[in-house]
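Asker: Enclosed is the structure file model-v2.cif (mmCIF, C-alpha atoms).
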data_input
#
loop_
_atom_site.group_PDB
_atom_site.id
_atom_site.type_symbol
_atom_site.label_atom_id
_atom_site.label_comp_id
_atom_site.auth_asym_id
_atom_site.auth_seq_id
_atom_site.Cartn_x
_atom_site.Cartn_y
_atom_site.Cartn_z
ATOM 1 C CA MET A 27 2.803 -31.447 23.095
ATOM 2 C CA ARG A 28 4.061 -28.469 21.089
ATOM 3 C CA PRO A 29 2.900 -24.995 22.136
ATOM 4 C CA PRO A 30 0.431 -23.329 19.764
ATOM 5 C CA LEU A 31 1.776 -20.952 17.153
ATOM 6 C CA ASN A 32 0.536 -17.887 19.042
ATOM 7 C CA SER A 33 2.455 -18.655 22.231
ATOM 8 C CA ALA A 34 5.980 -18.020 23.466
ATOM 9 C CA THR A 35 8.520 -20.841 23.559
ATOM 10 C CA ASN A 36 11.493 -21.667 25.720
ATOM 11 C CA THR A 37 13.959 -20.584 23.067
ATOM 12 C CA ALA A 38 12.481 -17.388 21.681
ATOM 13 C CA SER A 39 9.938 -15.270 23.494
ATOM 14 C CA ALA A 40 7.034 -13.462 21.885
ATOM 15 C CA ALA A 41 8.089 -10.498 19.727
ATOM 16 C CA ALA A 42 11.752 -11.442 20.207
ATOM 17 C CA LEU A 43 12.495 -12.450 16.613
ATOM 18 C CA PRO A 44 12.539 -10.181 13.571
ATOM 19 C CA VAL A 45 11.767 -11.253 10.016
ATOM 20 C CA LEU A 46 14.888 -11.274 7.855
ATOM 21 C CA PHE A 47 15.773 -10.544 4.260
ATOM 22 C CA VAL A 48 19.299 -11.787 3.568
ATOM 23 C CA PRO A 49 21.525 -12.076 0.503
ATOM 24 C CA HIS A 50 22.976 -15.343 -0.755
ATOM 25 C CA GLY A 51 25.137 -13.757 -3.445
ATOM 26 C CA SER A 52 26.905 -16.012 -5.887
ATOM 27 C CA PRO A 53 27.959 -19.477 -4.694
ATOM 28 C CA ASN A 54 31.387 -17.953 -3.948
ATOM 29 C CA PHE A 55 29.755 -16.238 -0.962
ATOM 30 C CA ALA A 56 29.944 -19.590 0.844
ATOM 31 C CA LEU A 57 33.747 -19.542 0.638
ATOM 32 C CA SER A 58 34.358 -15.790 0.966
ATOM 33 C CA PRO A 59 31.530 -14.359 3.087
ATOM 34 C CA GLY A 60 33.279 -11.056 3.817
ATOM 35 C CA GLN A 61 31.428 -8.305 5.659
ATOM 36 C CA ALA A 62 28.015 -9.392 4.372
ATOM 37 C CA GLY A 63 28.532 -12.816 5.905
ATOM 38 C CA ALA A 64 29.944 -11.360 9.108
ATOM 39 C CA ALA A 65 26.782 -9.293 9.516
ATOM 40 C CA LEU A 66 24.672 -12.464 9.374
ATOM 41 C CA THR A 67 26.919 -14.261 11.864
ATOM 42 C CA GLU A 68 26.775 -11.331 14.263
ATOM 43 C CA LEU A 69 23.008 -11.072 13.982
ATOM 44 C CA ALA A 70 22.468 -14.768 14.726
ATOM 45 C CA ALA A 71 24.680 -14.467 17.800
ATOM 46 C CA THR A 72 22.495 -11.665 19.199
ATOM 47 C CA LEU A 73 19.088 -13.274 18.560
ATOM 48 C CA PRO A 74 17.348 -15.702 20.902
ATOM 49 C CA ARG A 75 17.781 -19.237 19.650
ATOM 50 C CA PRO A 76 14.879 -19.965 17.270
ATOM 51 C CA ARG A 77 12.622 -22.938 17.776
ATOM 52 C CA ALA A 78 12.772 -23.451 14.002
ATOM 53 C CA ILE A 79 13.668 -21.592 10.810
ATOM 54 C CA LEU A 80 11.396 -21.031 7.825
ATOM 55 C CA VAL A 81 13.492 -20.150 4.783
ATOM 56 C CA ILE A 82 12.231 -18.754 1.478
ATOM 57 C CA SER A 83 14.818 -19.026 -1.277
ATOM 58 C CA ALA A 84 14.814 -17.295 -4.652
ATOM 59 C CA HIS A 85 15.937 -20.621 -6.124
ATOM 60 C CA TRP A 86 12.775 -22.578 -5.388
ATOM 61 C CA SER A 87 9.683 -21.676 -7.394
ATOM 62 C CA THR A 88 6.658 -23.942 -7.882
ATOM 63 C CA GLU A 89 3.201 -23.623 -9.391
ATOM 64 C CA LEU A 90 1.523 -24.227 -6.031
ATOM 65 C CA VAL A 91 2.701 -22.928 -2.666
ATOM 66 C CA THR A 92 4.850 -25.739 -1.284
ATOM 67 C CA ILE A 93 6.323 -26.386 2.164
ATOM 68 C CA GLY A 94 9.470 -28.497 2.308
ATOM 69 C CA VAL A 95 9.689 -30.837 5.297
ATOM 70 C CA ALA A 96 12.147 -33.569 4.310
ATOM 71 C CA GLU A 97 13.257 -35.336 7.493
ATOM 72 C CA SER A 98 16.864 -35.031 6.376
ATOM 73 C CA LEU A 99 17.388 -32.073 4.063
ATOM 74 C CA PRO A 100 20.019 -32.860 1.422
ATOM 75 C CA THR A 101 22.408 -30.081 0.459
ATOM 76 C CA ILE A 102 21.664 -29.184 -3.168
ATOM 77 C CA HIS A 103 24.608 -27.839 -5.189
ATOM 78 C CA ASP A 104 22.474 -26.183 -7.851
ATOM 79 C CA PHE A 105 25.214 -24.379 -9.781
ATOM 80 C CA TYR A 106 28.116 -25.088 -12.101
ATOM 81 C CA GLY A 107 31.336 -23.414 -13.169
ATOM 82 C CA PHE A 108 32.445 -22.671 -9.606
ATOM 83 C CA SER A 109 35.126 -24.149 -7.371
ATOM 84 C CA GLU A 110 34.891 -27.886 -6.706
ATOM 85 C CA GLU A 111 35.366 -26.991 -3.052
ATOM 86 C CA LEU A 112 31.787 -25.718 -3.036
ATOM 87 C CA HIS A 113 30.488 -29.156 -3.989
ATOM 88 C CA ASP A 114 32.139 -30.619 -0.897
ATOM 89 C CA ILE A 115 30.082 -28.426 1.436
ATOM 90 C CA ASP A 116 27.365 -30.229 3.348
ATOM 91 C CA TYR A 117 24.810 -28.518 5.561
ATOM 92 C CA PRO A 118 23.156 -31.479 7.331
ATOM 93 C CA ALA A 119 19.914 -29.814 8.380
ATOM 94 C CA HIS A 120 16.742 -31.593 9.443
ATOM 95 C CA SER A 121 13.136 -30.490 9.366
ATOM 96 C CA ASP A 122 9.968 -30.640 11.481
ATOM 97 C CA ARG A 123 7.010 -32.236 9.707
ATOM 98 C CA ALA A 124 4.507 -31.300 12.419
ATOM 99 C CA LEU A 125 5.444 -27.636 12.262
ATOM 100 C CA GLY A 126 5.338 -27.797 8.475
ATOM 101 C CA GLU A 127 1.760 -29.017 8.686
ATOM 102 C CA ARG A 128 0.921 -26.111 10.983
ATOM 103 C CA VAL A 129 2.413 -23.704 8.477
ATOM 104 C CA ARG A 130 0.308 -25.372 5.792
ATOM 105 C CA GLY A 131 -2.752 -24.738 7.948
ATOM 106 C CA LEU A 132 -1.895 -21.041 8.223
ATOM 107 C CA LEU A 133 -1.508 -20.781 4.476
ATOM 108 C CA GLN A 134 -4.719 -22.649 3.740
ATOM 109 C CA GLY A 135 -6.547 -20.475 6.252
ATOM 110 C CA ALA A 136 -5.386 -17.463 4.245
ATOM 111 C CA GLY A 137 -6.747 -18.946 1.024
ATOM 112 C CA PHE A 138 -3.584 -20.498 -0.441
ATOM 113 C CA ASP A 139 -3.644 -23.962 -1.987
ATOM 114 C CA ALA A 140 -0.585 -25.275 -0.150
ATOM 115 C CA ARG A 141 1.013 -28.694 -0.369
ATOM 116 C CA ILE A 142 3.798 -30.587 1.398
ATOM 117 C CA ASP A 143 7.065 -31.777 -0.178
ATOM 118 C CA ASP A 144 8.934 -34.339 1.921
ATOM 119 C CA ARG A 145 11.879 -34.927 -0.423
ATOM 120 C CA ARG A 146 13.439 -31.670 -1.563
ATOM 121 C CA GLY A 147 16.540 -30.404 0.232
ATOM 122 C CA LEU A 148 18.173 -26.993 0.600
ATOM 123 C CA ASP A 149 19.344 -25.138 -2.509
ATOM 124 C CA HIS A 150 22.247 -22.729 -2.268
ATOM 125 C CA GLY A 151 19.894 -19.796 -1.698
ATOM 126 C CA ALA A 152 18.916 -21.496 1.548
ATOM 127 C CA TRP A 153 22.024 -23.257 2.851
ATOM 128 C CA ILE A 154 24.543 -20.497 2.141
ATOM 129 C CA PRO A 155 23.018 -17.919 4.534
ATOM 130 C CA LEU A 156 21.892 -20.569 7.040
ATOM 131 C CA ARG A 157 25.408 -21.992 7.203
ATOM 132 C CA GLN A 158 26.724 -18.505 7.913
ATOM 133 C CA MET A 159 24.195 -17.926 10.677
ATOM 134 C CA TYR A 160 23.838 -21.373 12.239
ATOM 135 C CA PRO A 161 26.849 -23.454 11.137
ATOM 136 C CA ASP A 162 25.974 -26.412 13.385
ATOM 137 C CA ALA A 163 22.761 -27.072 11.410
ATOM 138 C CA ASP A 164 21.060 -28.004 14.686
ATOM 139 C CA ILE A 165 17.836 -25.984 14.308
ATOM 140 C CA PRO A 166 14.890 -27.499 12.367
ATOM 141 C CA VAL A 167 14.468 -25.922 8.932
ATOM 142 C CA ILE A 168 11.267 -25.659 6.908
ATOM 143 C CA THR A 169 11.339 -24.332 3.353
ATOM 144 C CA LEU A 170 8.690 -22.428 1.424
ATOM 145 C CA SER A 171 8.539 -21.997 -2.341
ATOM 146 C CA LEU A 172 7.905 -18.889 -4.389
ATOM 147 C CA GLN A 173 5.516 -18.636 -7.326
ATOM 148 C CA ALA A 174 7.819 -16.418 -9.332
ATOM 149 C CA TYR A 175 5.257 -15.713 -12.077
ATOM 150 C CA ARG A 176 2.658 -14.420 -9.578
ATOM 151 C CA GLY A 177 4.285 -11.058 -8.807
ATOM 152 C CA THR A 178 4.789 -8.877 -5.764
ATOM 153 C CA GLU A 179 1.277 -8.597 -4.312
ATOM 154 C CA HIS A 180 0.896 -12.377 -4.219
ATOM 155 C CA HIS A 181 4.128 -12.704 -2.265
ATOM 156 C CA LEU A 182 3.230 -9.904 0.129
ATOM 157 C CA GLN A 183 0.032 -11.790 0.946
ATOM 158 C CA LEU A 184 1.937 -15.068 1.170
ATOM 159 C CA GLY A 185 4.134 -13.512 3.818
ATOM 160 C CA ALA A 186 1.156 -12.045 5.658
ATOM 161 C CA ALA A 187 -0.177 -15.560 6.181
ATOM 162 C CA LEU A 188 3.000 -16.318 8.145
ATOM 163 C CA ALA A 189 2.870 -13.291 10.441
ATOM 164 C CA ALA A 190 2.105 -15.375 13.556
ATOM 165 C CA LEU A 191 5.334 -17.360 13.287
ATOM 166 C CA PRO A 192 7.982 -14.968 14.691
ATOM 167 C CA ALA A 193 6.135 -14.624 18.011
ATOM 168 C CA ALA A 194 6.070 -18.433 18.173
ATOM 169 C CA GLY A 195 9.846 -18.652 17.954
ATOM 170 C CA VAL A 196 10.111 -19.341 14.218
ATOM 171 C CA LEU A 197 12.757 -17.277 12.448
ATOM 172 C CA ILE A 198 11.671 -16.342 8.927
ATOM 173 C CA VAL A 199 14.658 -15.989 6.593
ATOM 174 C CA ALA A 200 13.865 -14.678 3.103
ATOM 175 C CA SER A 201 16.894 -15.152 0.846
ATOM 176 C CA GLY A 202 17.478 -13.260 -2.392
ATOM 177 C CA ASN A 203 19.448 -10.228 -3.571
ATOM 178 C CA LEU A 204 18.490 -6.589 -4.024
ATOM 179 C CA THR A 205 19.938 -6.705 -7.547
ATOM 180 C CA HIS A 206 20.415 -9.749 -9.752
ATOM 181 C CA ASN A 207 21.281 -9.529 -13.444
ATOM 182 C CA LEU A 208 23.314 -12.489 -14.713
ATOM 183 C CA ALA A 209 24.005 -10.898 -18.093
ATOM 184 C CA ASP A 210 25.555 -7.897 -16.380
ATOM 185 C CA TYR A 211 27.396 -10.256 -14.016
ATOM 186 C CA ARG A 212 29.232 -11.813 -16.955
ATOM 187 C CA LEU A 213 29.891 -8.411 -18.540
ATOM 188 C CA THR A 214 31.207 -6.723 -15.409
ATOM 189 C CA MET A 215 33.422 -9.651 -14.478
ATOM 190 C CA ARG A 216 35.255 -8.772 -17.676
ATOM 191 C CA ASP A 217 35.170 -4.986 -17.278
ATOM 192 C CA GLY A 218 35.493 -4.810 -13.485
ATOM 193 C CA VAL A 219 33.092 -1.880 -13.067
ATOM 194 C CA ALA A 220 29.812 -1.929 -11.143
ATOM 195 C CA PRO A 221 26.976 -0.367 -13.174
ATOM 196 C CA GLY A 222 25.450 2.709 -11.565
ATOM 197 C CA TYR A 223 21.981 1.174 -11.325
ATOM 198 C CA VAL A 224 23.194 -1.308 -8.688
ATOM 199 C CA HIS A 225 23.774 1.491 -6.172
ATOM 200 C CA GLN A 226 20.720 3.440 -7.316
ATOM 201 C CA PHE A 227 18.276 0.566 -7.033
ATOM 202 C CA ALA A 228 19.561 -0.597 -3.654
ATOM 203 C CA HIS A 229 19.387 2.967 -2.338
ATOM 204 C CA TRP A 230 15.813 3.355 -3.616
ATOM 205 C CA VAL A 231 14.738 0.172 -1.825
ATOM 206 C CA TRP A 232 16.298 1.350 1.432
ATOM 207 C CA MET A 233 14.507 4.712 1.150
ATOM 208 C CA GLN A 234 11.167 2.925 0.810
ATOM 209 C CA LEU A 235 11.943 0.673 3.758
ATOM 210 C CA GLN A 236 12.806 3.668 5.913
ATOM 211 C CA ARG A 237 9.448 5.181 4.983
ATOM 212 C CA GLY A 238 7.641 1.936 5.730
ATOM 213 C CA SER A 239 6.283 1.953 2.183
ATOM 214 C CA SER A 240 5.287 -1.593 1.283
ATOM 215 C CA GLU A 241 3.024 -0.143 -1.425
ATOM 216 C CA ALA A 242 5.934 1.446 -3.283
ATOM 217 C CA LEU A 243 7.899 -1.792 -3.071
ATOM 218 C CA VAL A 244 4.969 -3.741 -4.464
ATOM 219 C CA ARG A 245 4.976 -1.286 -7.395
ATOM 220 C CA TYR A 246 8.779 -1.157 -7.680
ATOM 221 C CA ARG A 247 8.685 -2.222 -11.333
ATOM 222 C CA SER A 248 7.188 1.126 -12.346
ATOM 223 C CA LEU A 249 8.700 3.315 -9.611
ATOM 224 C CA ALA A 250 12.299 2.270 -8.996
ATOM 225 C CA PRO A 251 15.245 3.413 -11.153
ATOM 226 C CA GLU A 252 16.148 0.827 -13.801
ATOM 227 C CA ALA A 253 14.064 -1.812 -12.061
ATOM 228 C CA ALA A 254 13.942 -4.113 -15.067
ATOM 229 C CA ARG A 255 17.720 -4.050 -15.359
ATOM 230 C CA ALA A 256 18.186 -4.656 -11.648
ATOM 231 C CA HIS A 257 15.791 -7.619 -11.949
ATOM 232 C CA PRO A 258 15.248 -8.937 -15.488
ATOM 233 C CA SER A 259 13.218 -11.618 -13.699
ATOM 234 C CA GLU A 260 11.709 -11.088 -10.266
ATOM 235 C CA GLU A 261 12.557 -14.200 -8.279
ATOM 236 C CA HIS A 262 15.519 -12.685 -6.402
ATOM 237 C CA LEU A 263 13.493 -9.725 -5.106
ATOM 238 C CA LEU A 264 10.235 -11.533 -4.300
ATOM 239 C CA PRO A 265 11.601 -12.959 -1.024
ATOM 240 C CA LEU A 266 11.736 -9.347 0.187
ATOM 241 C CA HIS A 267 7.990 -9.048 -0.370
ATOM 242 C CA VAL A 268 7.381 -12.257 1.563
ATOM 243 C CA ALA A 269 9.441 -10.803 4.419
ATOM 244 C CA LEU A 270 7.477 -7.544 4.361
ATOM 245 C CA GLY A 271 4.180 -9.404 4.547
ATOM 246 C CA ALA A 272 5.385 -11.647 7.367
ATOM 247 C CA ALA A 273 6.562 -8.605 9.350
ATOM 248 C CA GLY A 274 2.941 -7.500 9.796
ATOM 249 C CA ASN A 275 1.317 -4.107 9.448
ATOM 250 C CA ASN A 276 3.609 -2.042 11.666
ATOM 251 C CA TRP A 277 7.263 -2.821 11.154
ATOM 252 C CA ARG A 278 10.523 -0.939 11.262
ATOM 253 C CA ALA A 279 13.472 -1.890 9.100
ATOM 254 C CA GLU A 280 17.027 -2.232 10.325
ATOM 255 C CA ARG A 281 19.729 -2.431 7.670
ATOM 256 C CA LEU A 282 22.314 -4.953 8.818
ATOM 257 C CA HIS A 283 24.703 -4.560 5.897
ATOM 258 C CA SER A 284 24.993 -2.646 2.648
ATOM 259 C CA GLY A 285 27.486 -3.443 -0.080
ATOM 260 C CA ILE A 286 28.119 -4.948 -3.522
ATOM 261 C CA ASP A 287 29.746 -8.259 -4.399
ATOM 262 C CA GLU A 288 30.811 -9.477 -7.829
ATOM 263 C CA HIS A 289 30.130 -5.928 -9.160
ATOM 264 C CA VAL A 290 26.377 -6.457 -9.689
ATOM 265 C CA LEU A 291 25.006 -8.184 -6.584
ATOM 266 C CA ALA A 292 23.695 -5.772 -3.969
ATOM 267 C CA MET A 293 24.248 -7.666 -0.693
ATOM 268 C CA ASP A 294 22.040 -5.595 1.597
ATOM 269 C CA SER A 295 20.414 -7.438 4.491
ATOM 270 C CA PHE A 296 17.517 -6.259 6.644
ATOM 271 C CA ALA A 297 15.753 -7.161 9.849
ATOM 272 C CA PHE A 298 12.093 -6.196 10.144
ATOM 273 C CA TRP A 299 11.021 -5.642 13.735
ATOM 274 C CA PRO A 300 7.636 -4.811 15.205
ATOM 275 C CA ALA A 301 7.786 -1.008 15.481
ATOM 276 C CA ALA A 302 7.138 -0.866 19.228
ATOM 277 C CA GLN A 303 9.824 -3.448 19.962
ATOM 278 C CA LYS A 304 12.397 -1.665 17.814
ATOM 279 C CA GLU A 305 11.653 1.630 19.564
ATOM 280 C CA GLN A 306 12.147 -0.012 22.961
ATOM 281 C CA GLN A 307 15.471 -1.419 21.812
ATOM 282 C CA GLY A 308 16.589 2.019 20.689
ATOM 283 C CA GLU A 309 15.669 3.544 24.024
ATOM 284 C CA SER A 310 17.581 0.902 25.970
ATOM 285 C CA ALA A 311 20.673 0.972 23.746
#
Please render this file's structure as structure tokens.

Answerer:
Amino acid sequence: MRPPLNSATNTASAAALPVLFVPHGSPNFALSPGQAGAALTELAATLPRPRAILVISAHWSTELVTIGVAESLPTIHDFYGFSEELHDIDYPAHSDRALGERVRGLLQGAGFDARIDDRRGLDHGAWIPLRQMYPDADIPVITLSLQAYRGTEHHLQLGAALAALPAAGVLIVASGNLTHNLADYRLTMRDGVAPGYVHQFAHWVWMQLQRGSSEALVRYRSLAPEAARAHPSEEHLLPLHVALGAAGNNWRAERLHSGIDEHVLAMDSFAFWPAAQKEQQGESA
């Protein structure tokens, strides 16, 4: 019998796991992970082994909240125009249907109309960071879709419904990018210069995280510098809002990495810890 979601497990004790926001960059990140990838590898090595992973990718959006629990999760190569070597990568993850049903129960209890998908695999927003963190693909993975048209508040509340999971040994990995403008990506690949807004927007987000200001991040579209240029569409930032909701009401942010890839992709990654736990870690360091 599995332990209930509000109990500790053998692999990860209560309050031991943070909630993560990680970048997946362009597909090239899988072949050249650099310092951003090294930060994810180092983090995974320091965390207790999760019982399971719940991943929210910017590349899966559905009308209804959907939990992916395919027994064998196929590796989806949802891109084109990149090295053929990328299409040879396989991340042979498996899922956990029973845990997926429990997650569905949490979501339904919070008022979400959630359904199960037992066929869809892992898109590159999911398998690229997971492969960097857990290359053996030996931890059950559950996926959760965005509703990209529903905005920031919806996704904050979606995350809040999952807040019991980290204490139950489930690592929540929200995968996106702090900036994501494909038109500028094509332009800057020609010019070789990062636009100033990439630094400015990423810095603004980090300032809000240091202040613990979920409200400002929910309203980022009207508050942040050049927000619409940083995110012409919102799907690559919405995983951050899911992570903030899942981190609960009293979190502290740790920035694991800050940098820019491909001139326009801010590759910042964050761990959100319960405030008391993070303070204890600082005192013992």

Asker: Please determine the residues with any atom at most 10 Å from (22.7, -10.7, 12.3) (coordinates as given in the file, with all atoms listed in the file counting) and report them as a VMD selection string.

Answerer: chain A and resid 46 48 62 to 73 158 to 159 281 to 283 295 to 297

Asker: I'd like the neighbourhood of Ser201 of chain A as a list in words, where a residue qualifies if any of its atoms comes within 9 Å (using all atoms listed in the file), though same-chain residues fewer than 4 positions away should be ignored.

Answerer: Leu46, Phe47, Val48, Pro49, His50, Val81, Ile82, Ser83, Ala84, His85, Gly151, Ala152, Pro155, His262, Leu263, Pro265 and Leu266 of chain A

Asker: Quick check, in Å to one decimal: how far apart do atom CA of Thr169 of chain A and atom CA of Leu80 of chain A lie?

Answerer: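 Computing it gives 5.6 Å between the two atoms.
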
Asker: Applying 9 Å and only C-alpha atoms, which residues near segment 222-224 of chain A remain after dropping the ones on its own chain fewer than 3 positions away? List them as a ChimeraX atom specification.

Answerer: /A:204-206,227-229,251-253,255-256,286,289-292

Asker: If you keep C-alpha atoms, can you produce a file of those selected residues as an mmCIF file, in the coordinates of the input?

Answerer:
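Once everything was written out, this is result.cif:
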data_model
loop_
_atom_site.group_PDB
_atom_site.id
_atom_site.type_symbol
_atom_site.label_atom_id
_atom_site.label_comp_id
_atom_site.auth_asym_id
_atom_site.auth_seq_id
_atom_site.Cartn_x
_atom_site.Cartn_y
_atom_site.Cartn_z
ATOM 1 C CA LEU A 204 18.490 -6.589 -4.024
ATOM 2 C CA THR A 205 19.938 -6.705 -7.547
ATOM 3 C CA HIS A 206 20.415 -9.749 -9.752
ATOM 4 C CA PHE A 227 18.276 0.566 -7.033
ATOM 5 C CA ALA A 228 19.561 -0.597 -3.654
ATOM 6 C CA HIS A 229 19.387 2.967 -2.338
ATOM 7 C CA PRO A 251 15.245 3.413 -11.153
ATOM 8 C CA GLU A 252 16.148 0.827 -13.801
ATOM 9 C CA ALA A 253 14.064 -1.812 -12.061
ATOM 10 C CA ARG A 255 17.720 -4.050 -15.359
ATOM 11 C CA ALA A 256 18.186 -4.656 -11.648
ATOM 12 C CA ILE A 286 28.119 -4.948 -3.522
ATOM 13 C CA HIS A 289 30.130 -5.928 -9.160
ATOM 14 C CA VAL A 290 26.377 -6.457 -9.689
ATOM 15 C CA LEU A 291 25.006 -8.184 -6.584
ATOM 16 C CA ALA A 292 23.695 -5.772 -3.969
#

Asker: So what do you get for atom CA of Asp116 of chain A versus atom CA of Ala194 of chain A, distance-wise?

Answerer: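 Here the two named atoms are 28.5 Å from each other.
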
Asker: Take atom CA of Asp210 of chain A and atom CA of Gly60 of chain A and report the distance between them in Å, one decimal.

Answerer: 21.9 Å

Asker: Since I can't run it myself right now, could you work out what the PyMOL selection byres ((chain A and resi 268) around 6) selects here and report it as a PyMOL selection string?

Answerer: chain A and resi 181-182+185+265-267+269-271

Asker: Quick one: of A:Leu57, A:Ala302, A:Val129, A:Ala279, who's nearest to Asp114 of chain A, counting all atoms listed in the file?

Answerer: A:Leu57
